[in-house]
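Take a look at the structure set out below.
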Amino acid sequence: MDQTLCSLYDARVAAGDLRPDPAQIVALPALDRIRAALESPPPAPRAGLFRKPPPPEPVRGLYLWGGVGRGKSMLMDFFFENVAIRAKRRVHFHAFMQEVQKGLHAARQKGADDALKPVAAGIAQGLRLLCFDEMQITDITDAMIVGRLFELLFAAGVTVVTTSNRVPDDLYKDGLQRARFVPFIAMLKDRLEVVHLASPTDYRQNRLSGADVYFTPADRLAREAMASIWHGFTEGAGGPLILQVQGRAVELPLFHNGVARASFWDLCAKPLGPADYLAIAAAVRVLILEDIPMLSSENYNEARRFVTLIDALYEARVRLIASAAAAPEMLYLEGAGVFEFERTASRLREMQSADWGRD
């Protein structure tokens with residue numbers, strides 16, 4: 001380790017790639033501690049004659065939490081890039097839990113008595129560092145398995161670094177059977193150093209301040225603008241995110257670091273309901289929604305779903321960037337539902353304000 005993360009951060013600031021942020025700088029020593037420990041050779045294993053040596057103890061990890069857009073994901077990427085080991089993995093927490101659920105299903109199909117053991121073993125194989133982005137737990141199925149899953153990962157020597165918008169004690173807040181989840185919170189606080197990224201600056205909002213977030217008409221210029229905004233958030237990264245909602249798979253075609261991109265038809269032409277839209281609103285911080293058409297009695301079902309989607313995004317204070325055939329007030333001019341759409345149009349207007357977004 002030739003340079004500390006602090007010196008590497010300073011170099012990026014000097015190059016103009018970053019703006020110095022005192023709250024981010026405060027988090028760097030904890031990440032450097034983990035980096036140094038992981039890059040140091042592990043102690044020689046002491047094995048018996050006929051038994052496999054136990055895995056090394058994981059390094060005490062980090063739980064980095066704070067408001068949306070404060071630079072948590074950027075710090076995670078910065079740390080991950082600069083840990084000089086190969087046995088590392090970075091994954092969004094939602095995608096990780098989908099992978100776990102899929103693995104559990106496969107293990108049960110094979111008749112495993114304890115399906116979680118082979119799943120955890122498969123994840124931990126050859127892995128020393130596991131980085132999660134945006135840990136949040138809203139699904140009872142995930143809540144009931146995550147404690148033992150992490151116990152198995154820690155026992156296998158995996159070091160965990162994660163970001164979250166919530167302090168650990170607020171994870172799965174008000175969830176069903178939460179008492180069974182509480183020991184997991186205690187384990188996190190024991191195994192991970194908890195650091196609050198208390199920056200006053202919301203970098204995501206600043207990217208959009210003074211910029212258009214509602215483009216009409218939905219023509220070539222709008223498509224180019226939306227593509228530019230998506231690239232500004234993701235630098236071209238991203239892939240599908242599949243949410244499991246009441247046994248159904250709900251797909252967001254593109255997702256990266258809390259930013260999703262989809263068309264009106266992806267989300268409103270499919271038989272989705274309130275639970276699906278609530279899950280989407282919980283999973284994303286920014287939604288880039290393209291090609292909202294004119295609405296009428298001819299596409300009433302799609303219009304009704306669109307109203308439900310906007311309600312879910314509004315209540316969750318998700319930042320919406322949209323392209324549409326017309327201004328909000330002109331989208332729905334005839335047919336059943338015109339009166340009800342007035343509220344949706346008003347919400348679409350409110351969501352265009354520069355200070356709109358989740359705290």
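Order determines the names: the first chain of the structure tokens is A, the second B, and so forth; residues in each chain are numbered 1 upward, and ligands are numbered 1 upward as they are shown.
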Output as a list of chain:residue names all residues of region 19-222 of chain A that backbone DSSP marks as strand (DSSP E or B). A:Gly61, A:Leu62, A:Tyr63, A:Leu64, A:Trp65, A:Lys88, A:Arg89, A:Arg90, A:Val91, A:His92, A:Leu129, A:Leu130, A:Cys131, A:Phe132, A:Asp133, A:Thr159, A:Val160, A:Val161, A:Thr162, A:Thr163, A:Ser164, A:Leu192, A:Glu193, A:Val194, A:Val195, A:His196, A:Tyr214, A:Phe215
Just to be explicit: take each residue in the selection above, keep N, CA and C atoms, and write the result as a PDB file, in the first residue's frame.
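Dumped everything to part23.pdb:
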ATOM      1  N   GLY A  61     -15.528  -4.706   9.598  1.00  0.00           N
ATOM      2  CA  GLY A  61     -15.905  -3.948   8.418  1.00  0.00           C
ATOM      3  C   GLY A  61     -16.445  -2.567   8.725  1.00  0.00           C
ATOM      4  N   LEU A  62     -17.271  -2.055   7.813  1.00  0.00           N
ATOM      5  CA  LEU A  62     -17.772  -0.685   7.949  1.00  0.00           C
ATOM      6  C   LEU A  62     -19.218  -0.612   7.475  1.00  0.00           C
ATOM      7  N   TYR A  63     -20.019   0.115   8.243  1.00  0.00           N
ATOM      8  CA  TYR A  63     -21.401   0.427   7.883  1.00  0.00           C
ATOM      9  C   TYR A  63     -21.456   1.942   7.729  1.00  0.00           C
ATOM     10  N   LEU A  64     -21.482   2.409   6.482  1.00  0.00           N
ATOM     11  CA  LEU A  64     -21.436   3.841   6.176  1.00  0.00           C
ATOM     12  C   LEU A  64     -22.841   4.307   5.818  1.00  0.00           C
ATOM     13  N   TRP A  65     -23.418   5.156   6.672  1.00  0.00           N
ATOM     14  CA  TRP A  65     -24.802   5.569   6.419  1.00  0.00           C
ATOM     15  C   TRP A  65     -24.911   7.088   6.364  1.00  0.00           C
ATOM     16  N   LYS A  88     -12.363  -9.991  -4.055  1.00  0.00           N
ATOM     17  CA  LYS A  88     -13.290  -8.956  -3.598  1.00  0.00           C
ATOM     18  C   LYS A  88     -14.475  -8.889  -4.558  1.00  0.00           C
ATOM     19  N   ARG A  89     -15.589  -8.388  -4.024  1.00  0.00           N
ATOM     20  CA  ARG A  89     -16.792  -8.271  -4.848  1.00  0.00           C
ATOM     21  C   ARG A  89     -17.607  -7.077  -4.374  1.00  0.00           C
ATOM     22  N   ARG A  90     -18.170  -6.335  -5.332  1.00  0.00           N
ATOM     23  CA  ARG A  90     -19.064  -5.221  -5.022  1.00  0.00           C
ATOM     24  C   ARG A  90     -20.404  -5.495  -5.678  1.00  0.00           C
ATOM     25  N   VAL A  91     -21.496  -5.359  -4.932  1.00  0.00           N
ATOM     26  CA  VAL A  91     -22.816  -5.683  -5.460  1.00  0.00           C
ATOM     27  C   VAL A  91     -23.861  -4.824  -4.765  1.00  0.00           C
ATOM     28  N   HIS A  92     -24.922  -4.473  -5.494  1.00  0.00           N
ATOM     29  CA  HIS A  92     -26.029  -3.757  -4.876  1.00  0.00           C
ATOM     30  C   HIS A  92     -26.795  -4.727  -3.979  1.00  0.00           C
ATOM     31  N   LEU A 129     -13.501  -9.913   0.656  1.00  0.00           N
ATOM     32  CA  LEU A 129     -14.150  -8.622   0.844  1.00  0.00           C
ATOM     33  C   LEU A 129     -15.442  -8.578   0.039  1.00  0.00           C
ATOM     34  N   LEU A 130     -16.539  -8.262   0.735  1.00  0.00           N
ATOM     35  CA  LEU A 130     -17.843  -8.136   0.089  1.00  0.00           C
ATOM     36  C   LEU A 130     -18.368  -6.734   0.368  1.00  0.00           C
ATOM     37  N   CYS A 131     -18.550  -5.952  -0.689  1.00  0.00           N
ATOM     38  CA  CYS A 131     -19.029  -4.579  -0.562  1.00  0.00           C
ATOM     39  C   CYS A 131     -20.471  -4.502  -1.048  1.00  0.00           C
ATOM     40  N   PHE A 132     -21.353  -4.017  -0.191  1.00  0.00           N
ATOM     41  CA  PHE A 132     -22.754  -3.834  -0.540  1.00  0.00           C
ATOM     42  C   PHE A 132     -23.044  -2.347  -0.699  1.00  0.00           C
ATOM     43  N   ASP A 133     -23.826  -2.023  -1.703  1.00  0.00           N
ATOM     44  CA  ASP A 133     -24.318  -0.658  -1.829  1.00  0.00           C
ATOM     45  C   ASP A 133     -25.800  -0.641  -1.471  1.00  0.00           C
ATOM     46  N   THR A 159     -15.052 -10.205   4.988  1.00  0.00           N
ATOM     47  CA  THR A 159     -15.156  -8.854   5.529  1.00  0.00           C
ATOM     48  C   THR A 159     -16.239  -8.102   4.759  1.00  0.00           C
ATOM     49  N   VAL A 160     -17.100  -7.384   5.476  1.00  0.00           N
ATOM     50  CA  VAL A 160     -18.227  -6.694   4.849  1.00  0.00           C
ATOM     51  C   VAL A 160     -18.095  -5.186   5.021  1.00  0.00           C
ATOM     52  N   VAL A 161     -18.270  -4.470   3.911  1.00  0.00           N
ATOM     53  CA  VAL A 161     -18.379  -3.008   3.923  1.00  0.00           C
ATOM     54  C   VAL A 161     -19.679  -2.671   3.220  1.00  0.00           C
ATOM     55  N   THR A 162     -20.506  -1.843   3.837  1.00  0.00           N
ATOM     56  CA  THR A 162     -21.805  -1.543   3.239  1.00  0.00           C
ATOM     57  C   THR A 162     -22.173  -0.082   3.402  1.00  0.00           C
ATOM     58  N   THR A 163     -22.993   0.411   2.478  1.00  0.00           N
ATOM     59  CA  THR A 163     -23.587   1.738   2.618  1.00  0.00           C
ATOM     60  C   THR A 163     -25.077   1.569   2.869  1.00  0.00           C
ATOM     61  N   SER A 164     -25.684   2.585   3.455  1.00  0.00           N
ATOM     62  CA  SER A 164     -27.122   2.558   3.697  1.00  0.00           C
ATOM     63  C   SER A 164     -27.611   3.985   3.923  1.00  0.00           C
ATOM     64  N   LEU A 192     -19.261  -4.508  12.379  1.00  0.00           N
ATOM     65  CA  LEU A 192     -18.943  -3.388  11.494  1.00  0.00           C
ATOM     66  C   LEU A 192     -18.844  -2.097  12.294  1.00  0.00           C
ATOM     67  N   GLU A 193     -17.857  -1.294  11.976  1.00  0.00           N
ATOM     68  CA  GLU A 193     -17.784   0.055  12.535  1.00  0.00           C
ATOM     69  C   GLU A 193     -18.859   0.907  11.861  1.00  0.00           C
ATOM     70  N   VAL A 194     -19.649   1.611  12.636  1.00  0.00           N
ATOM     71  CA  VAL A 194     -20.738   2.426  12.095  1.00  0.00           C
ATOM     72  C   VAL A 194     -20.259   3.870  11.976  1.00  0.00           C
ATOM     73  N   VAL A 195     -20.301   4.400  10.764  1.00  0.00           N
ATOM     74  CA  VAL A 195     -19.850   5.772  10.500  1.00  0.00           C
ATOM     75  C   VAL A 195     -20.974   6.524   9.802  1.00  0.00           C
ATOM     76  N   HIS A 196     -21.284   7.704  10.335  1.00  0.00           N
ATOM     77  CA  HIS A 196     -22.324   8.554   9.743  1.00  0.00           C
ATOM     78  C   HIS A 196     -21.669   9.535   8.779  1.00  0.00           C
ATOM     79  N   TYR A 214     -38.159  17.443 -16.881  1.00  0.00           N
ATOM     80  CA  TYR A 214     -39.375  17.000 -17.568  1.00  0.00           C
ATOM     81  C   TYR A 214     -39.275  17.498 -19.004  1.00  0.00           C
ATOM     82  N   PHE A 215     -39.171  16.551 -19.949  1.00  0.00           N
ATOM     83  CA  PHE A 215     -38.913  16.903 -21.345  1.00  0.00           C
ATOM     84  C   PHE A 215     -40.145  16.617 -22.201  1.00  0.00           C
TER      85      PHE A 215
END
d(CA of Asn165 (chain A), CA of Glu134 (chain A)) in Å: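 It comes out at 6.7 Å.
Minimum distance to Ala279 (chain A) across A:Arg223, A:Thr138, A:Glu151, A:Ser228 (counting only C-alpha atoms) occurs at A:Thr138.
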Report as a ChimeraX atom specification all protein, DNA and RNA residues lying within 12 Å of Arg180 (chain A), evaluated on only C-alpha atoms, omitting residues in the same chain fewer than 2 positions from it. /A:140-148,172,175-178,182-186
The selected residues should be written to file as an mmCIF file, in the first residue's frame (atoms: N, CA and C atoms).
data_model
loop_
_atom_site.group_PDB
_atom_site.id
_atom_site.type_symbol
_atom_site.label_atom_id
_atom_site.label_comp_id
_atom_site.auth_asym_id
_atom_site.auth_seq_id
_atom_site.Cartn_x
_atom_site.Cartn_y
_atom_site.Cartn_z
ATOM 1 N N ILE A 140 -40.030 -9.270 4.225
ATOM 2 C CA ILE A 140 -39.950 -10.152 5.394
ATOM 3 C C ILE A 140 -39.142 -11.404 5.085
ATOM 4 N N THR A 141 -39.205 -11.878 3.835
ATOM 5 C CA THR A 141 -38.439 -13.074 3.454
ATOM 6 C C THR A 141 -36.949 -12.821 3.624
ATOM 7 N N ASP A 142 -36.488 -11.654 3.164
ATOM 8 C CA ASP A 142 -35.075 -11.298 3.354
ATOM 9 C C ASP A 142 -34.755 -11.096 4.827
ATOM 10 N N ALA A 143 -35.657 -10.446 5.546
ATOM 11 C CA ALA A 143 -35.420 -10.130 6.956
ATOM 12 C C ALA A 143 -35.222 -11.390 7.793
ATOM 13 N N MET A 144 -35.931 -12.452 7.438
ATOM 14 C CA MET A 144 -35.880 -13.663 8.248
ATOM 15 C C MET A 144 -34.618 -14.506 7.996
ATOM 16 N N ILE A 145 -33.912 -14.262 6.894
ATOM 17 C CA ILE A 145 -32.724 -15.076 6.611
ATOM 18 C C ILE A 145 -31.418 -14.313 6.724
ATOM 19 N N VAL A 146 -31.482 -12.971 6.718
ATOM 20 C CA VAL A 146 -30.253 -12.194 6.564
ATOM 21 C C VAL A 146 -29.319 -12.355 7.770
ATOM 22 N N GLY A 147 -29.870 -12.524 8.968
ATOM 23 C CA GLY A 147 -29.026 -12.674 10.153
ATOM 24 C C GLY A 147 -28.137 -13.904 10.073
ATOM 25 N N ARG A 148 -28.735 -15.030 9.784
ATOM 26 C CA ARG A 148 -27.949 -16.267 9.723
ATOM 27 C C ARG A 148 -27.032 -16.269 8.497
ATOM 28 N N TYR A 172 -35.306 -2.244 8.561
ATOM 29 C CA TYR A 172 -36.557 -3.013 8.654
ATOM 30 C C TYR A 172 -37.492 -2.418 9.700
ATOM 31 N N GLY A 175 -41.253 -3.373 10.382
ATOM 32 C CA GLY A 175 -41.491 -4.579 9.584
ATOM 33 C C GLY A 175 -42.164 -5.678 10.391
ATOM 34 N N LEU A 176 -42.788 -6.607 9.679
ATOM 35 C CA LEU A 176 -43.441 -7.743 10.326
ATOM 36 C C LEU A 176 -42.416 -8.607 11.049
ATOM 37 N N GLN A 177 -42.774 -9.070 12.236
ATOM 38 C CA GLN A 177 -41.921 -9.940 13.056
ATOM 39 C C GLN A 177 -40.520 -9.334 13.245
ATOM 40 N N ARG A 178 -40.479 -8.022 13.465
ATOM 41 C CA ARG A 178 -39.177 -7.348 13.542
ATOM 42 C C ARG A 178 -38.331 -7.835 14.718
ATOM 43 N N VAL A 182 -34.029 -8.145 15.053
ATOM 44 C CA VAL A 182 -33.204 -7.274 15.892
ATOM 45 C C VAL A 182 -31.816 -7.854 16.183
ATOM 46 N N PRO A 183 -31.656 -9.174 16.418
ATOM 47 C CA PRO A 183 -30.296 -9.697 16.646
ATOM 48 C C PRO A 183 -29.342 -9.425 15.483
ATOM 49 N N PHE A 184 -29.860 -9.339 14.268
ATOM 50 C CA PHE A 184 -29.014 -9.016 13.112
ATOM 51 C C PHE A 184 -28.433 -7.614 13.250
ATOM 52 N N ILE A 185 -29.231 -6.674 13.751
ATOM 53 C CA ILE A 185 -28.747 -5.309 13.952
ATOM 54 C C ILE A 185 -27.600 -5.308 14.962
ATOM 55 N N ALA A 186 -27.775 -6.066 16.052
ATOM 56 C CA ALA A 186 -26.714 -6.158 17.063
ATOM 57 C C ALA A 186 -25.445 -6.753 16.448
#
For region 317-328 of chain A: contacts at 6 Å, only C-alpha atoms, fewer than 3 positions along chain excluded, given as a list in words: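 Using only C-alpha atoms, the neighbours found are Val213, Tyr214, Phe215, Thr216, Pro217, Ala218, Arg285, Val286, Leu287, Ile288, Leu289, Glu290, Asp291, Ile292, Pro293, Met294, Leu313, Tyr314, Leu331, Ala345, Gly357 and Arg358 of chain A.
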Step one, run DSSP on the backbone; step two, keep only residues of region 98-319 of chain A assigned to alpha helix (DSSP H); then write them as a VMD selection string. chain A and resid 98 to 109 116 to 124 140 to 155 182 to 191 203 to 208 220 to 234 264 to 268 274 to 283 300 to 315
Can you pull out the residues contacting Glu57 (chain A)? Cut-off 7 Å, using only C-alpha atoms, and skip same-chain residues under 2 positions away; I want them as a ChimeraX atom specification. /A:55,59,157
I'd like the neighbourhood of Ile310 (chain A) as a PDB file with N, CA and C atoms, in the first residue's frame, where a residue qualifies if any of its atoms comes within 8 Å (using only C-alpha atoms), though same-chain residues fewer than 6 positions away should be ignored.
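What landed in out_32.pdb:
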ATOM      1  N   THR A 344     -52.555  14.036 -10.105  1.00  0.00           N
ATOM      2  CA  THR A 344     -51.303  13.495 -10.648  1.00  0.00           C
ATOM      3  C   THR A 344     -50.520  14.578 -11.370  1.00  0.00           C
ATOM      4  N   ARG A 347     -48.903  16.760  -8.882  1.00  0.00           N
ATOM      5  CA  ARG A 347     -47.733  16.108  -8.278  1.00  0.00           C
ATOM      6  C   ARG A 347     -46.550  16.091  -9.247  1.00  0.00           C
ATOM      7  N   LEU A 348     -46.827  15.858 -10.517  1.00  0.00           N
ATOM      8  CA  LEU A 348     -45.751  15.891 -11.507  1.00  0.00           C
ATOM      9  C   LEU A 348     -45.089  17.260 -11.542  1.00  0.00           C
TER      10      LEU A 348
END
Using only C-alpha atoms, which of A:Gly111, A:Leu153, A:Leu75, A:Ala227 sits nearest Leu127 (chain A)?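 Checking each of A:Gly111, A:Leu153, A:Leu75, A:Ala227 against Leu127 (chain A), counting only C-alpha atoms, the winner is A:Leu153.
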Provide the CA of Glu315 (chain A) to CA of Leu188 (chain A) distance in Å, to one decimal place. 29.3 Å
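The protein and nucleic acid residues lying at most 10 Å from Asp32 (chain A) are A:Met1, A:Gln3, A:Thr4, A:Leu5, A:Cys6, A:Ala27, A:Ala37, A:Leu38, A:Phe79, A:Asn82, A:Val83, with only C-alpha atoms considered and sequence neighbours fewer than 5 positions away removed.
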Can you write out the residues you just picked, keeping N, CA and C atoms, as a PDB file, in the first residue's frame?
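As a result, out.pdb now contains:
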ATOM      1  N   MET A   1       0.868  -1.192   0.000  1.00  0.00           N
ATOM      2  CA  MET A   1       0.000   0.000   0.000  1.00  0.00           C
ATOM      3  C   MET A   1       0.898   1.233   0.000  1.00  0.00           C
ATOM      4  N   GLN A   3       0.231   4.419  -0.988  1.00  0.00           N
ATOM      5  CA  GLN A   3      -0.400   5.657  -0.564  1.00  0.00           C
ATOM      6  C   GLN A   3      -1.650   5.356   0.246  1.00  0.00           C
ATOM      7  N   THR A   4      -1.953   6.243   1.170  1.00  0.00           N
ATOM      8  CA  THR A   4      -3.190   6.088   1.927  1.00  0.00           C
ATOM      9  C   THR A   4      -4.373   6.546   1.075  1.00  0.00           C
ATOM     10  N   LEU A   5      -5.559   6.154   1.488  1.00  0.00           N
ATOM     11  CA  LEU A   5      -6.758   6.610   0.787  1.00  0.00           C
ATOM     12  C   LEU A   5      -6.885   8.131   0.887  1.00  0.00           C
ATOM     13  N   CYS A   6      -6.451   8.691   2.013  1.00  0.00           N
ATOM     14  CA  CYS A   6      -6.517  10.152   2.166  1.00  0.00           C
ATOM     15  C   CYS A   6      -5.652  10.844   1.116  1.00  0.00           C
ATOM     16  N   ALA A  27     -14.542   9.766   6.874  1.00  0.00           N
ATOM     17  CA  ALA A  27     -14.779   8.330   6.717  1.00  0.00           C
ATOM     18  C   ALA A  27     -13.564   7.583   6.174  1.00  0.00           C
ATOM     19  N   ALA A  37      -5.510  -3.898   6.499  1.00  0.00           N
ATOM     20  CA  ALA A  37      -5.623  -5.246   7.072  1.00  0.00           C
ATOM     21  C   ALA A  37      -5.822  -6.295   5.986  1.00  0.00           C
ATOM     22  N   LEU A  38      -6.619  -5.971   4.985  1.00  0.00           N
ATOM     23  CA  LEU A  38      -6.867  -6.937   3.917  1.00  0.00           C
ATOM     24  C   LEU A  38      -5.643  -7.157   3.039  1.00  0.00           C
ATOM     25  N   PHE A  79     -12.917   3.160  -2.476  1.00  0.00           N
ATOM     26  CA  PHE A  79     -12.301   2.155  -1.605  1.00  0.00           C
ATOM     27  C   PHE A  79     -12.083   0.850  -2.358  1.00  0.00           C
ATOM     28  N   ASN A  82      -9.296   0.660  -4.823  1.00  0.00           N
ATOM     29  CA  ASN A  82      -7.956   0.827  -4.276  1.00  0.00           C
ATOM     30  C   ASN A  82      -7.571  -0.231  -3.243  1.00  0.00           C
ATOM     31  N   VAL A  83      -8.371  -1.275  -3.092  1.00  0.00           N
ATOM     32  CA  VAL A  83      -7.977  -2.412  -2.264  1.00  0.00           C
ATOM     33  C   VAL A  83      -7.279  -3.416  -3.180  1.00  0.00           C
TER      34      VAL A  83
END
Work out how far CA of Gly247 (chain A) is from CA of Ala106 (chain A), in Å to one decimal. 15.6 Å
